Amino acid sequence: MSVPALRLTDVKKSFGPTAVIMGVSLDVAPGSRHAIIGPNGAGKTTLFNLISGRFPASGGRIELHGRSIDGLPPHEINRRGLSRSFQVTSIFPRMTVFENIRCGLLWSRGYKYSFWHLVGGQRALNAAAAQLLADVNLEARRDVPAGLLTYAEQRALEIGITIAGGADTVLLDEPTAGMSRSEADHAVALIRRITAGKTLVMVEHDMSVVFDLADVVTVLVYGQVIASGPPAEIRANRAVQDAYLGAPAEVA
Amino acid sequence: MSEGVARTAARPLAAGGAAGFLRRQWPWLAALVFALVVPWFSFDWSTGRHSGFIVSMLSQIGISIIFALSYNMLMGQAGLLSFGHAVFLGLGGYVTAHVVNATKGGAFPLPLELTPIAGALGGLAFAVVLGYFATKQRATAFAMITLGIGELITSCALMFQTFFGGEGGVSTNRMTGRSLFGVGYAAPIQVYYLIVAWTALSVVAMLLLTRTPLGRMANASRDNFERAQFVGYDPRMVRFFQFALSGAFAGIAGALYTLTYEIVTYDTVAGPMSANALLMTYIGGVGVFAGPVVGAVLIVLLQSWVSLLSNSWLVYAGVLFIMMVTFAPMGLTGLVMMHQPIWRAGRLGRLIGPYLRLLGPALLVLIGFVLAVELCSFLTIGAAQGKSFTLSRITIDPRGARPWLVAGLLLVGGGLWLRVAMRGFGAAWNAVTEEVKTVGTRA
Amino acid sequence: MEVLLVSLLNGLVYGMLLFMLASGLTLIFSMMGVLNFAHASMYMLGAYFAFSVSRVIGFWAALVVAPILCGILGALIEMYALRRVHRNGHIAELLFTVGLAFIIEKATQMAWGLLPVPYRVPPVLDRALFHVYGSNFHAYRGFMLLISVLMFVAIWLLLTRTRIGLVIQAALTHPEMVGALGHNVPRVFTIVFAGGSVLAGLAGVIGGNYLVTEPSMAATMGPIVFVVVVFGGLGSLAGCFIASLIMGLVQTFAVVIDVSLADLLARLGIQVTSTTPLAEVLTMPLPRVGALLPYLMLILVLLIKPRGLMGTRDT
């Protein structure tokens with residue numbers, strides 16, 4: 001393939017004496033939808049944290065579009081075009097929904113630390129925010145403080161903030177966690193629509209979402225990759241079934 | 001804050017015109033008009049002079065408003081607790097003192113009206129230097145660094161003569177003979193109007209700042225610094241810029257301080273001054289922009305009047321502060337805002353009765369507490385100073401048992417009654433809020 | 001040489017006193033996440049309680065009674081006030097302790113007056129213990145050292161040999177986990193807070209007559225104790241111990257080393273005259289700058305190594 005959007009080479013992470021990630025190598029093709037699955041405690045969120053710069057890796061290399069992002073602070077990685085959502089909803093609870101989205105747009109629109117522009121009067125900025133608000137179906141909740149939204153609404157808002165900055169590589173950490181069947185279906189439709197043309201990497205537990213959305217599935221067990229490939233292949237993989245999926249009939 | 005309001009506030013004359021602007025901003029405009037005319041309520045027509053006490057208090061209110069608002073740029077808007085904010089007020093004051101002295105000496109022709117700019121620049125410069133280090137950390141570590149900085153600068157102000165003038169401070173004379181409007185500034189009332197002008201400017205500037213990308217991201221970093229990182233912002237830089245700007249405004253307050261009192265000493269940078277900012281801002285309320293304004297007015301008023309009657313103002317201030325921290329961390333404006341949904345649903349009248357029922361016991365507890373504090377104070381400190389406890393024409397002897405019994409009775413009895421009344425109030429409050437919620441969902 | 005040895009001994013005594021204060025604060029801060037600004041106030045109250053109690057039933061009884069009074073006060077504060085404020089967040093807790101420290105100072109002024117009180121060393125200890133190079137080593141200093149060491153041993157035994165001690169040790173580094181394991185965390189918190197207050201009160205009892213007992217003693221001692229706690233690092237009593245000794249020695253030696261930056265520059269061949277910029281700063285001798293040192297150290301530690309010497313967690 002051409003330069004992968006994201007390349008992990010033998011990435012390791014230990015917390016003190018405990019090795020959590022033990023040599024993970026992964027290539028994510030640009031524009032692909034890549035799911036990472038695995039049992040609890042496999043290190044999926046830790047992997048995300050390493051990629052997004054929340055903490056440094058103990059070994060190995062991480063490259064975004066061919067350039068190393070090892071040791072860069074999260075905001076720096078974000079400015080290079082990688083954005084993420086969090087397992088525990090991470091938004092700005094005391095600001096309104098509209099303000100949340102607008103904050104997501106500010107840096108990418110070049111405002112930086114400006115204290116001489118009044119955001120209220122910025123036509124293009126506000127139009128873009130309104131559009132994004134419509135894209136995530138939260139127009140009706142525009143002036144509500146984000147902390148007062150329902151759980152599913154907050155997840156939708158978070159996805160909106162995540163892609164607001166125009167990042168071309170999006171990491172979603174369990175985007176449908178805690179949702180009912182119908183809420184999850186809505187979320188999947190939203191994700192598919194909103195990440196069209198972007199590279200998507202997501203951690204998921206819900207197998208139907210994974211098999212619905214993903215082009216490539218990587219299985220992580222105890223900090224190591226045990227299989228990686230198209231969904232059908234993974235489904236049929238013996239080792240994966242033993243470690244994680246169980247018998248085919250039990251797949252959700 | 002809704003985008004619609006923000007947009008129209010940014011271009012007041014374009015949307016809705018002057019009438020729309022007046023309708024939305026009338027509280028601020030009314031306050032400005034009030035500030036302009038209030039000294040004349042205490043004007044002594046026979047001597048042709050304003051009440052010195054009133055003008056002095058009003059000037060202090062103006063300075064405190066700027067100081068408290070600048071403090072809230074850190075506390076309420078950026079979530080940064082600083083124990084050393086007075087440093088920038090004081091340093092701005094020292095810089096202004098030197099600039100005014102230089103102007104008087106003929107070094108450069110700066111009109112007195114523009115000298116607060118020197119204070120702003122001084123505050124900004126020091127905030128940039130000190131803030132570069134302080135903002136490397138956040139939360140508790142940041143608070144401790146500001147504590148250290150505050151104490152360091154206070155010690156420096158006492159030790160060094162060249163810039164700080166040591167213990168004696170730096171004196172200045174505001175009658176430099178240079179003015180944009182040909183005013184002499186001999187009379188305090190003239191300085192007061194200068195303060196009103198600068199306070200109005202500062203309030204508008206700080207309000208507009210909250211509506212800028214920096215102001216918004218300061219709020220965002222306060223709410224969730226990790227998410228702020230993942231929308232591309234370095235929270236450290238956000239903190240740094242916010243810190244620098246808040247120092248600039250504190251410097252303006254310091255400049256006005258210098259012009260009012262014509263002397264700057266180490267206590268303008270010291271702990272008690274920083275604590276004052278914290279007190280005013282917190283009691284007024286950190287969550288609303290006007291909170292610190294309310295707090296500044298209230299605290300200065302209380303301080304002025306209580307200090308006339310008692311030596312124990314600081315005790316009352318401390319107890320008030322602790323009560324707010326424990327029971328009303330959202331401050332006075334926050335408490336008022338809590339009533340907004342009830343008022344909008346038209347149910348506010350239902351709370352009048354419960355509030356009235358609280359009034360009696362609350363007054364008893366207050367009187368008992370004040371009595372106890374004053375008795376204590378006169379017993380030890382007052383006795384050493386040879387003062388006696390007199391109320392109108394009755395002298396109360398703190399060594400007798402009777403006053404103490406009265407105080408104790410008021411406190412205990414009032415306290416028990418208050419607990420009962422609070423429970424009743426709580427029930428009424430819950431009932432009304434439940435009703436408002438169901439009304440809301442039905443509508 | 002004489003100065004060195006005397007200062008070393010004095011520094012050690014002072015350092016152990018600091019450790020008595022700082023250990024309680026480290027325990028409270030590490031476990032509960034509350035930076036207790038009122039901790040030094042307990043130190044002050046310990047001294048004042050000892051003063052008043054010793055006038056009635058003598059110093060030796062006060063040595064026991066005063067710290068217990070502080071402990072009871074601490075327990076009451078934790079149970080009825082701090083727990084309630086905890087709900088309002090970390091900043092509210094911090095501000096509460098700030099307000100509390102302030103009120104305790106004012107209350108002390110009202111109860112005992114504005115001037116220092118004559119809390120003195122008991123006559124039986126008010127003499128020289130031994131001679132060192134011609135100066136006396138005061139018996140009371142030896143007594144302070146003895147009490148500090150006994151207290152240190154007692155804490156060590158408590159933490160390592162009792163069940164509650166093990167829980168406290170665990171909660172020092174992993175407070176949330178301890179609760180998840182089913183221990184009565186609120187009760188542990190009350191015990192730690194009360195215990196810390198007892199230690200601070202004891203420090204006040206033995207330090208108040210060695211130093212001075214006045215209403216501003218909490219405000220003077222407070223920042224120094226903060227520096228020690230931050231310097232030693234959160235979650236580590238050993239770090240706290242080392243930091244206390246270092247601080248005690250630094251403060252003691254700073255008073256006796258009469259040099260200024262100008263003197264050091266002169267050694268390098270650079271002369272500082274009255275026209276040199278910042279001349280005033282450079283010619284200031286170290287003893288006069290002594291009061292600044294704790295704050296300088298506080299800022300430097302927080303900037304360079306915020307985890308402190310042996311800290312296991314971030315502030």
# chains A, B, ... in the order shown; residues from 1 in each chain; ligands from 1

$ residues_around --residues "range 35-48 of chain C" --least-positions-apart "4" --cutoff "7 Å" --atoms "only C-alpha atoms" --output "list in words"
Leu25, Phe29, Ser52, Ala66, Pro67, Cys70, Leu94, Thr97, Val98, Leu100, Ala101, Ile104, Ser197, Ala200, Gly201, Leu202, Ala203, Gly204, Val205, Gly208, Thr213, Met217, Ala218, Met221 and Gly222 of chain C

$ write_last_selection --atoms "N, CA and C atoms" --output "PDB file, in the first residue's frame"
ATOM      1  N   LEU C  25       0.783  16.256  57.559  1.00  0.00           N
ATOM      2  CA  LEU C  25       0.256  16.881  56.351  1.00  0.00           C
ATOM      3  C   LEU C  25       0.422  15.977  55.141  1.00  0.00           C
ATOM      4  N   PHE C  29      -2.625  14.852  52.899  1.00  0.00           N
ATOM      5  CA  PHE C  29      -2.624  15.247  51.496  1.00  0.00           C
ATOM      6  C   PHE C  29      -2.597  14.023  50.586  1.00  0.00           C
ATOM      7  N   SER C  52      -1.966  27.254  78.097  1.00  0.00           N
ATOM      8  CA  SER C  52      -3.037  27.425  79.071  1.00  0.00           C
ATOM      9  C   SER C  52      -3.141  26.237  80.021  1.00  0.00           C
ATOM     10  N   ALA C  66      -2.767  18.559  75.482  1.00  0.00           N
ATOM     11  CA  ALA C  66      -2.901  19.499  74.357  1.00  0.00           C
ATOM     12  C   ALA C  66      -3.005  18.799  72.998  1.00  0.00           C
ATOM     13  N   PRO C  67      -2.102  17.851  72.688  1.00  0.00           N
ATOM     14  CA  PRO C  67      -2.250  17.175  71.392  1.00  0.00           C
ATOM     15  C   PRO C  67      -3.578  16.444  71.260  1.00  0.00           C
ATOM     16  N   CYS C  70      -6.180  18.803  70.238  1.00  0.00           N
ATOM     17  CA  CYS C  70      -6.048  19.075  68.795  1.00  0.00           C
ATOM     18  C   CYS C  70      -6.628  17.934  67.974  1.00  0.00           C
ATOM     19  N   LEU C  94      -9.985  22.975  49.436  1.00  0.00           N
ATOM     20  CA  LEU C  94      -8.801  23.784  49.659  1.00  0.00           C
ATOM     21  C   LEU C  94      -9.181  25.128  50.254  1.00  0.00           C
ATOM     22  N   THR C  97     -10.182  24.953  53.893  1.00  0.00           N
ATOM     23  CA  THR C  97      -9.074  24.912  54.856  1.00  0.00           C
ATOM     24  C   THR C  97      -8.395  26.275  54.955  1.00  0.00           C
ATOM     25  N   VAL C  98      -8.351  27.025  53.845  1.00  0.00           N
ATOM     26  CA  VAL C  98      -7.798  28.376  53.894  1.00  0.00           C
ATOM     27  C   VAL C  98      -8.622  29.244  54.836  1.00  0.00           C
ATOM     28  N   LEU C 100     -10.600  28.238  57.153  1.00  0.00           N
ATOM     29  CA  LEU C 100     -10.482  27.704  58.505  1.00  0.00           C
ATOM     30  C   LEU C 100      -9.216  28.208  59.182  1.00  0.00           C
ATOM     31  N   ALA C 101      -8.092  28.172  58.445  1.00  0.00           N
ATOM     32  CA  ALA C 101      -6.826  28.658  58.999  1.00  0.00           C
ATOM     33  C   ALA C 101      -6.976  30.114  59.424  1.00  0.00           C
ATOM     34  N   ILE C 104      -9.181  30.366  62.582  1.00  0.00           N
ATOM     35  CA  ILE C 104      -8.475  29.906  63.783  1.00  0.00           C
ATOM     36  C   ILE C 104      -7.493  30.973  64.241  1.00  0.00           C
ATOM     37  N   SER C 197      -3.614  15.876  63.150  1.00  0.00           N
ATOM     38  CA  SER C 197      -3.794  17.017  64.046  1.00  0.00           C
ATOM     39  C   SER C 197      -3.079  16.785  65.363  1.00  0.00           C
ATOM     40  N   ALA C 200       0.548  17.473  64.730  1.00  0.00           N
ATOM     41  CA  ALA C 200       0.793  18.904  64.609  1.00  0.00           C
ATOM     42  C   ALA C 200       0.700  19.572  65.974  1.00  0.00           C
ATOM     43  N   GLY C 201      -0.286  19.154  66.758  1.00  0.00           N
ATOM     44  CA  GLY C 201      -0.436  19.713  68.096  1.00  0.00           C
ATOM     45  C   GLY C 201       0.771  19.414  68.974  1.00  0.00           C
ATOM     46  N   LEU C 202       1.265  18.173  68.878  1.00  0.00           N
ATOM     47  CA  LEU C 202       2.447  17.801  69.651  1.00  0.00           C
ATOM     48  C   LEU C 202       3.644  18.658  69.242  1.00  0.00           C
ATOM     49  N   ALA C 203       3.775  18.857  67.927  1.00  0.00           N
ATOM     50  CA  ALA C 203       4.854  19.727  67.444  1.00  0.00           C
ATOM     51  C   ALA C 203       4.720  21.109  68.049  1.00  0.00           C
ATOM     52  N   GLY C 204       3.493  21.572  68.177  1.00  0.00           N
ATOM     53  CA  GLY C 204       3.257  22.881  68.766  1.00  0.00           C
ATOM     54  C   GLY C 204       3.614  22.914  70.239  1.00  0.00           C
ATOM     55  N   VAL C 205       3.273  21.840  70.950  1.00  0.00           N
ATOM     56  CA  VAL C 205       3.575  21.783  72.377  1.00  0.00           C
ATOM     57  C   VAL C 205       5.078  21.908  72.621  1.00  0.00           C
ATOM     58  N   GLY C 208       6.447  25.361  70.587  1.00  0.00           N
ATOM     59  CA  GLY C 208       5.947  26.678  70.936  1.00  0.00           C
ATOM     60  C   GLY C 208       6.792  27.400  71.965  1.00  0.00           C
ATOM     61  N   THR C 213       5.419  31.695  70.785  1.00  0.00           N
ATOM     62  CA  THR C 213       3.996  31.373  70.670  1.00  0.00           C
ATOM     63  C   THR C 213       3.202  32.652  70.461  1.00  0.00           C
ATOM     64  N   MET C 217       2.166  32.502  64.259  1.00  0.00           N
ATOM     65  CA  MET C 217       3.103  31.391  64.100  1.00  0.00           C
ATOM     66  C   MET C 217       2.626  30.384  63.064  1.00  0.00           C
ATOM     67  N   ALA C 218       1.317  30.268  62.895  1.00  0.00           N
ATOM     68  CA  ALA C 218       0.799  29.351  61.879  1.00  0.00           C
ATOM     69  C   ALA C 218       1.131  29.863  60.493  1.00  0.00           C
ATOM     70  N   MET C 221       4.900  29.288  59.857  1.00  0.00           N
ATOM     71  CA  MET C 221       5.324  27.894  59.740  1.00  0.00           C
ATOM     72  C   MET C 221       4.683  27.209  58.540  1.00  0.00           C
ATOM     73  N   GLY C 222       3.468  27.626  58.214  1.00  0.00           N
ATOM     74  CA  GLY C 222       2.699  26.970  57.159  1.00  0.00           C
ATOM     75  C   GLY C 222       3.446  26.759  55.856  1.00  0.00           C
TER      76      GLY C 222
END

$ closest_atom_pairs --of "range 57-155 of chain C" --to "range 127-151 of chain B" --cutoff "12 Å" --atoms "only C-alpha atoms" --output "JSON lines"
{"residue": "C:Gly89", "atom": "CA", "partner": "B:Ala139", "partner_atom": "CA", "distance": 11.9}
{"residue": "C:His90", "atom": "CA", "partner": "B:Thr140", "partner_atom": "CA", "distance": 8.8}
{"residue": "C:Ile91", "atom": "CA", "partner": "B:Thr140", "partner_atom": "CA", "distance": 8.2}
{"residue": "C:Ala92", "atom": "CA", "partner": "B:Thr140", "partner_atom": "CA", "distance": 11.7}
{"residue": "C:Glu93", "atom": "CA", "partner": "B:Thr140", "partner_atom": "CA", "distance": 11.3}
{"residue": "C:Leu94", "atom": "CA", "partner": "B:Thr140", "partner_atom": "CA", "distance": 8.7}
{"residue": "C:Leu95", "atom": "CA", "partner": "B:Ala143", "partner_atom": "CA", "distance": 10.9}
{"residue": "C:Val98", "atom": "CA", "partner": "B:Leu147", "partner_atom": "CA", "distance": 12.0}

$ write_last_selection --atoms "N, CA and C atoms" --output "compact mmCIF listing (two decimals), in the first residue's frame"
# COMPACT_ATOMS: atom_id res chain seq x y z
N GLY C 89 -16.09 19.62 45.65
CA GLY C 89 -14.89 19.56 44.80
C GLY C 89 -13.61 19.91 45.53
N HIS C 90 -12.50 19.66 44.87
CA HIS C 90 -11.18 19.87 45.47
C HIS C 90 -10.91 21.32 45.80
N ILE C 91 -11.27 22.21 44.88
CA ILE C 91 -10.98 23.63 45.12
C ILE C 91 -11.76 24.12 46.33
N ALA C 92 -13.02 23.68 46.45
CA ALA C 92 -13.82 24.10 47.60
C ALA C 92 -13.18 23.61 48.90
N GLU C 93 -12.66 22.36 48.88
CA GLU C 93 -12.00 21.83 50.08
C GLU C 93 -10.79 22.66 50.46
N LEU C 94 -9.99 22.98 49.44
CA LEU C 94 -8.80 23.78 49.66
C LEU C 94 -9.18 25.13 50.25
N LEU C 95 -10.18 25.78 49.64
CA LEU C 95 -10.61 27.09 50.13
C LEU C 95 -11.18 26.99 51.53
N VAL C 98 -8.35 27.03 53.85
CA VAL C 98 -7.80 28.38 53.89
C VAL C 98 -8.62 29.24 54.84

$ residues_around --residues "Pro213 in chain B" --least-positions-apart "4" --cutoff "8 Å" --atoms "only C-alpha atoms" --output "PDB file with N, CA and C atoms, in the first residue's frame"
ATOM      1  N   CYS A 103     -15.853  25.211  19.669  1.00  0.00           N
ATOM      2  CA  CYS A 103     -14.502  25.060  20.215  1.00  0.00           C
ATOM      3  C   CYS A 103     -13.708  24.048  19.417  1.00  0.00           C
ATOM      4  N   LEU A 106     -12.189  25.881  16.338  1.00  0.00           N
ATOM      5  CA  LEU A 106     -11.364  27.093  16.446  1.00  0.00           C
ATOM      6  C   LEU A 106      -9.944  26.942  15.902  1.00  0.00           C
ATOM      7  N   TYR A 111      -7.682  30.355  14.427  1.00  0.00           N
ATOM      8  CA  TYR A 111      -7.877  31.409  15.419  1.00  0.00           C
ATOM      9  C   TYR A 111      -6.818  31.409  16.503  1.00  0.00           C
ATOM     10  N   LYS A 112      -6.227  30.247  16.713  1.00  0.00           N
ATOM     11  CA  LYS A 112      -5.195  30.116  17.750  1.00  0.00           C
ATOM     12  C   LYS A 112      -5.643  30.779  19.056  1.00  0.00           C
ATOM     13  N   TYR A 113      -4.715  31.487  19.711  1.00  0.00           N
ATOM     14  CA  TYR A 113      -5.039  32.043  21.037  1.00  0.00           C
ATOM     15  C   TYR A 113      -5.552  33.473  20.940  1.00  0.00           C
ATOM     16  N   SER A 114      -6.238  33.780  19.842  1.00  0.00           N
ATOM     17  CA  SER A 114      -6.688  35.132  19.585  1.00  0.00           C
ATOM     18  C   SER A 114      -7.550  35.662  20.711  1.00  0.00           C
ATOM     19  N   PHE A 115      -7.249  36.869  21.175  1.00  0.00           N
ATOM     20  CA  PHE A 115      -8.157  37.529  22.105  1.00  0.00           C
ATOM     21  C   PHE A 115      -8.668  38.828  21.492  1.00  0.00           C
ATOM     22  N   HIS A 117     -10.571  38.540  18.298  1.00  0.00           N
ATOM     23  CA  HIS A 117     -11.752  38.218  17.499  1.00  0.00           C
ATOM     24  C   HIS A 117     -12.910  37.939  18.442  1.00  0.00           C
ATOM     25  N   LEU A 118     -14.097  38.395  18.077  1.00  0.00           N
ATOM     26  CA  LEU A 118     -15.273  38.013  18.857  1.00  0.00           C
ATOM     27  C   LEU A 118     -15.939  36.845  18.141  1.00  0.00           C
ATOM     28  N   VAL A 119     -16.008  35.696  18.806  1.00  0.00           N
ATOM     29  CA  VAL A 119     -16.493  34.497  18.113  1.00  0.00           C
ATOM     30  C   VAL A 119     -17.912  34.656  17.604  1.00  0.00           C
TER      31      VAL A 119
ATOM     32  N   MET B 217     -11.716  29.084  24.962  1.00  0.00           N
ATOM     33  CA  MET B 217     -10.860  27.935  25.238  1.00  0.00           C
ATOM     34  C   MET B 217     -10.409  27.917  26.686  1.00  0.00           C
TER      35      MET B 217
END

$ closest_atom_pairs --of "chain A" --to "chain B" --cutoff "8 Å" --atoms "only C-alpha atoms" --output "JSON lines"
{"residue": "A:Pro74", "atom": "CA", "partner": "B:Gln229", "partner_atom": "CA", "distance": 5.9}
{"residue": "A:His75", "atom": "CA", "partner": "B:Gln229", "partner_atom": "CA", "distance": 4.6}
{"residue": "A:Glu76", "atom": "CA", "partner": "B:Gly232", "partner_atom": "CA", "distance": 6.9}
{"residue": "A:Asn78", "atom": "CA", "partner": "B:Gly232", "partner_atom": "CA", "distance": 5.4}
{"residue": "A:Arg79", "atom": "CA", "partner": "B:Gly232", "partner_atom": "CA", "distance": 5.5}
{"residue": "A:Ser83", "atom": "CA", "partner": "B:Phe230", "partner_atom": "CA", "distance": 6.3}
{"residue": "A:Arg84", "atom": "CA", "partner": "B:Phe230", "partner_atom": "CA", "distance": 7.0}
{"residue": "A:Ser90", "atom": "CA", "partner": "B:Arg227", "partner_atom": "CA", "distance": 6.2}
{"residue": "A:Ile91", "atom": "CA", "partner": "B:Arg227", "partner_atom": "CA", "distance": 6.4}
{"residue": "A:Phe92", "atom": "CA", "partner": "B:Asp223", "partner_atom": "CA", "distance": 5.4}
{"residue": "A:Pro93", "atom": "CA", "partner": "B:Asp223", "partner_atom": "CA", "distance": 6.6}
{"residue": "A:Arg94", "atom": "CA", "partner": "B:Asp223", "partner_atom": "CA", "distance": 6.8}
{"residue": "A:Met95", "atom": "CA", "partner": "B:Ala220", "partner_atom": "CA", "distance": 7.7}
{"residue": "A:Thr96", "atom": "CA", "partner": "B:Met1", "partner_atom": "CA", "distance": 7.2}
{"residue": "A:Phe98", "atom": "CA", "partner": "B:Glu3", "partner_atom": "CA", "distance": 7.8}
{"residue": "A:Cys103", "atom": "CA", "partner": "B:Met217", "partner_atom": "CA", "distance": 6.8}
{"residue": "A:Gly104", "atom": "CA", "partner": "B:Val231", "partner_atom": "CA", "distance": 5.1}
{"residue": "A:Leu105", "atom": "CA", "partner": "B:Val231", "partner_atom": "CA", "distance": 7.5}
{"residue": "A:Leu106", "atom": "CA", "partner": "B:Pro213", "partner_atom": "CA", "distance": 6.9}
{"residue": "A:Trp107", "atom": "CA", "partner": "B:Gly232", "partner_atom": "CA", "distance": 5.9}
{"residue": "A:Ser108", "atom": "CA", "partner": "B:Gly232", "partner_atom": "CA", "distance": 7.6}
{"residue": "A:Tyr111", "atom": "CA", "partner": "B:Pro213", "partner_atom": "CA", "distance": 6.7}
{"residue": "A:Lys112", "atom": "CA", "partner": "B:Pro213", "partner_atom": "CA", "distance": 7.3}
{"residue": "A:Tyr113", "atom": "CA", "partner": "B:Leu214", "partner_atom": "CA", "distance": 5.0}
{"residue": "A:Ser114", "atom": "CA", "partner": "B:Leu214", "partner_atom": "CA", "distance": 5.6}
{"residue": "A:Phe115", "atom": "CA", "partner": "B:Thr212", "partner_atom": "CA", "distance": 5.2}
{"residue": "A:Trp116", "atom": "CA", "partner": "B:Thr212", "partner_atom": "CA", "distance": 6.5}
{"residue": "A:His117", "atom": "CA", "partner": "B:Thr212", "partner_atom": "CA", "distance": 5.5}
{"residue": "A:Leu118", "atom": "CA", "partner": "B:Thr212", "partner_atom": "CA", "distance": 4.7}
{"residue": "A:Val119", "atom": "CA", "partner": "B:Thr212", "partner_atom": "CA", "distance": 5.4}
{"residue": "A:Gly120", "atom": "CA", "partner": "B:Arg7", "partner_atom": "CA", "distance": 4.2}
{"residue": "A:Gly121", "atom": "CA", "partner": "B:Arg7", "partner_atom": "CA", "distance": 5.2}
{"residue": "A:Asp143", "atom": "CA", "partner": "B:Ser2", "partner_atom": "CA", "distance": 5.9}
{"residue": "A:Ile161", "atom": "CA", "partner": "B:Val231", "partner_atom": "CA", "distance": 7.5}
{"residue": "A:Thr162", "atom": "CA", "partner": "B:Val231", "partner_atom": "CA", "distance": 7.3}
{"residue": "A:Gly165", "atom": "CA", "partner": "B:Val231", "partner_atom": "CA", "distance": 6.5}

$ closest_atom_pairs --of "chain C" --to "chain B" --cutoff "8 Å" --atoms "only C-alpha atoms" --output "tab-separated table"
residue	atom	partner	partner_atom	distance
C:Ala81	CA	B:Thr326	CA	7.6
C:Arg84	CA	B:Thr326	CA	7.0
C:Val85	CA	B:Thr326	CA	5.2
C:Asn88	CA	B:Pro329	CA	7.2
C:Ile91	CA	B:Leu81	CA	7.7
C:Ala92	CA	B:Val325	CA	6.0
C:Leu95	CA	B:Val325	CA	7.1
C:Phe96	CA	B:Ile322	CA	6.0
C:Gly99	CA	B:Ile322	CA	5.7
C:Leu100	CA	B:Ile322	CA	7.1
C:Phe102	CA	B:Gly318	CA	6.6
C:Ile103	CA	B:Gly318	CA	5.8
C:Lys106	CA	B:Val315	CA	6.2
C:Ala107	CA	B:Val315	CA	7.9
C:Gln109	CA	B:Ile381	CA	7.7
C:Met110	CA	B:Ser377	CA	5.3
C:Ala111	CA	B:Thr380	CA	6.5
C:Trp112	CA	B:Thr380	CA	6.7
C:Gly113	CA	B:Ile381	CA	5.5
C:Leu114	CA	B:Ile381	CA	6.9
C:Glu280	CA	B:Phe160	CA	6.7
C:Val281	CA	B:Phe160	CA	7.4
C:Ala291	CA	B:Ser155	CA	7.8
C:Leu292	CA	B:Leu152	CA	6.0
C:Tyr295	CA	B:Gly148	CA	4.7
C:Leu296	CA	B:Gly148	CA	6.9
C:Leu298	CA	B:Gly148	CA	6.5
C:Ile299	CA	B:Ile145	CA	5.3
C:Leu302	CA	B:Ala141	CA	6.6
C:Leu303	CA	B:Phe133	CA	7.1
C:Pro306	CA	B:Ala141	CA	7.8
C:Thr315	CA	B:Ala141	CA	6.2

$ residues_around --residues "Ala86 in chain B" --least-positions-apart "6" --cutoff "9 Å" --atoms "only C-alpha atoms" --output "PyMOL selection string"
chain B and resi 67+150+250+254+267-277
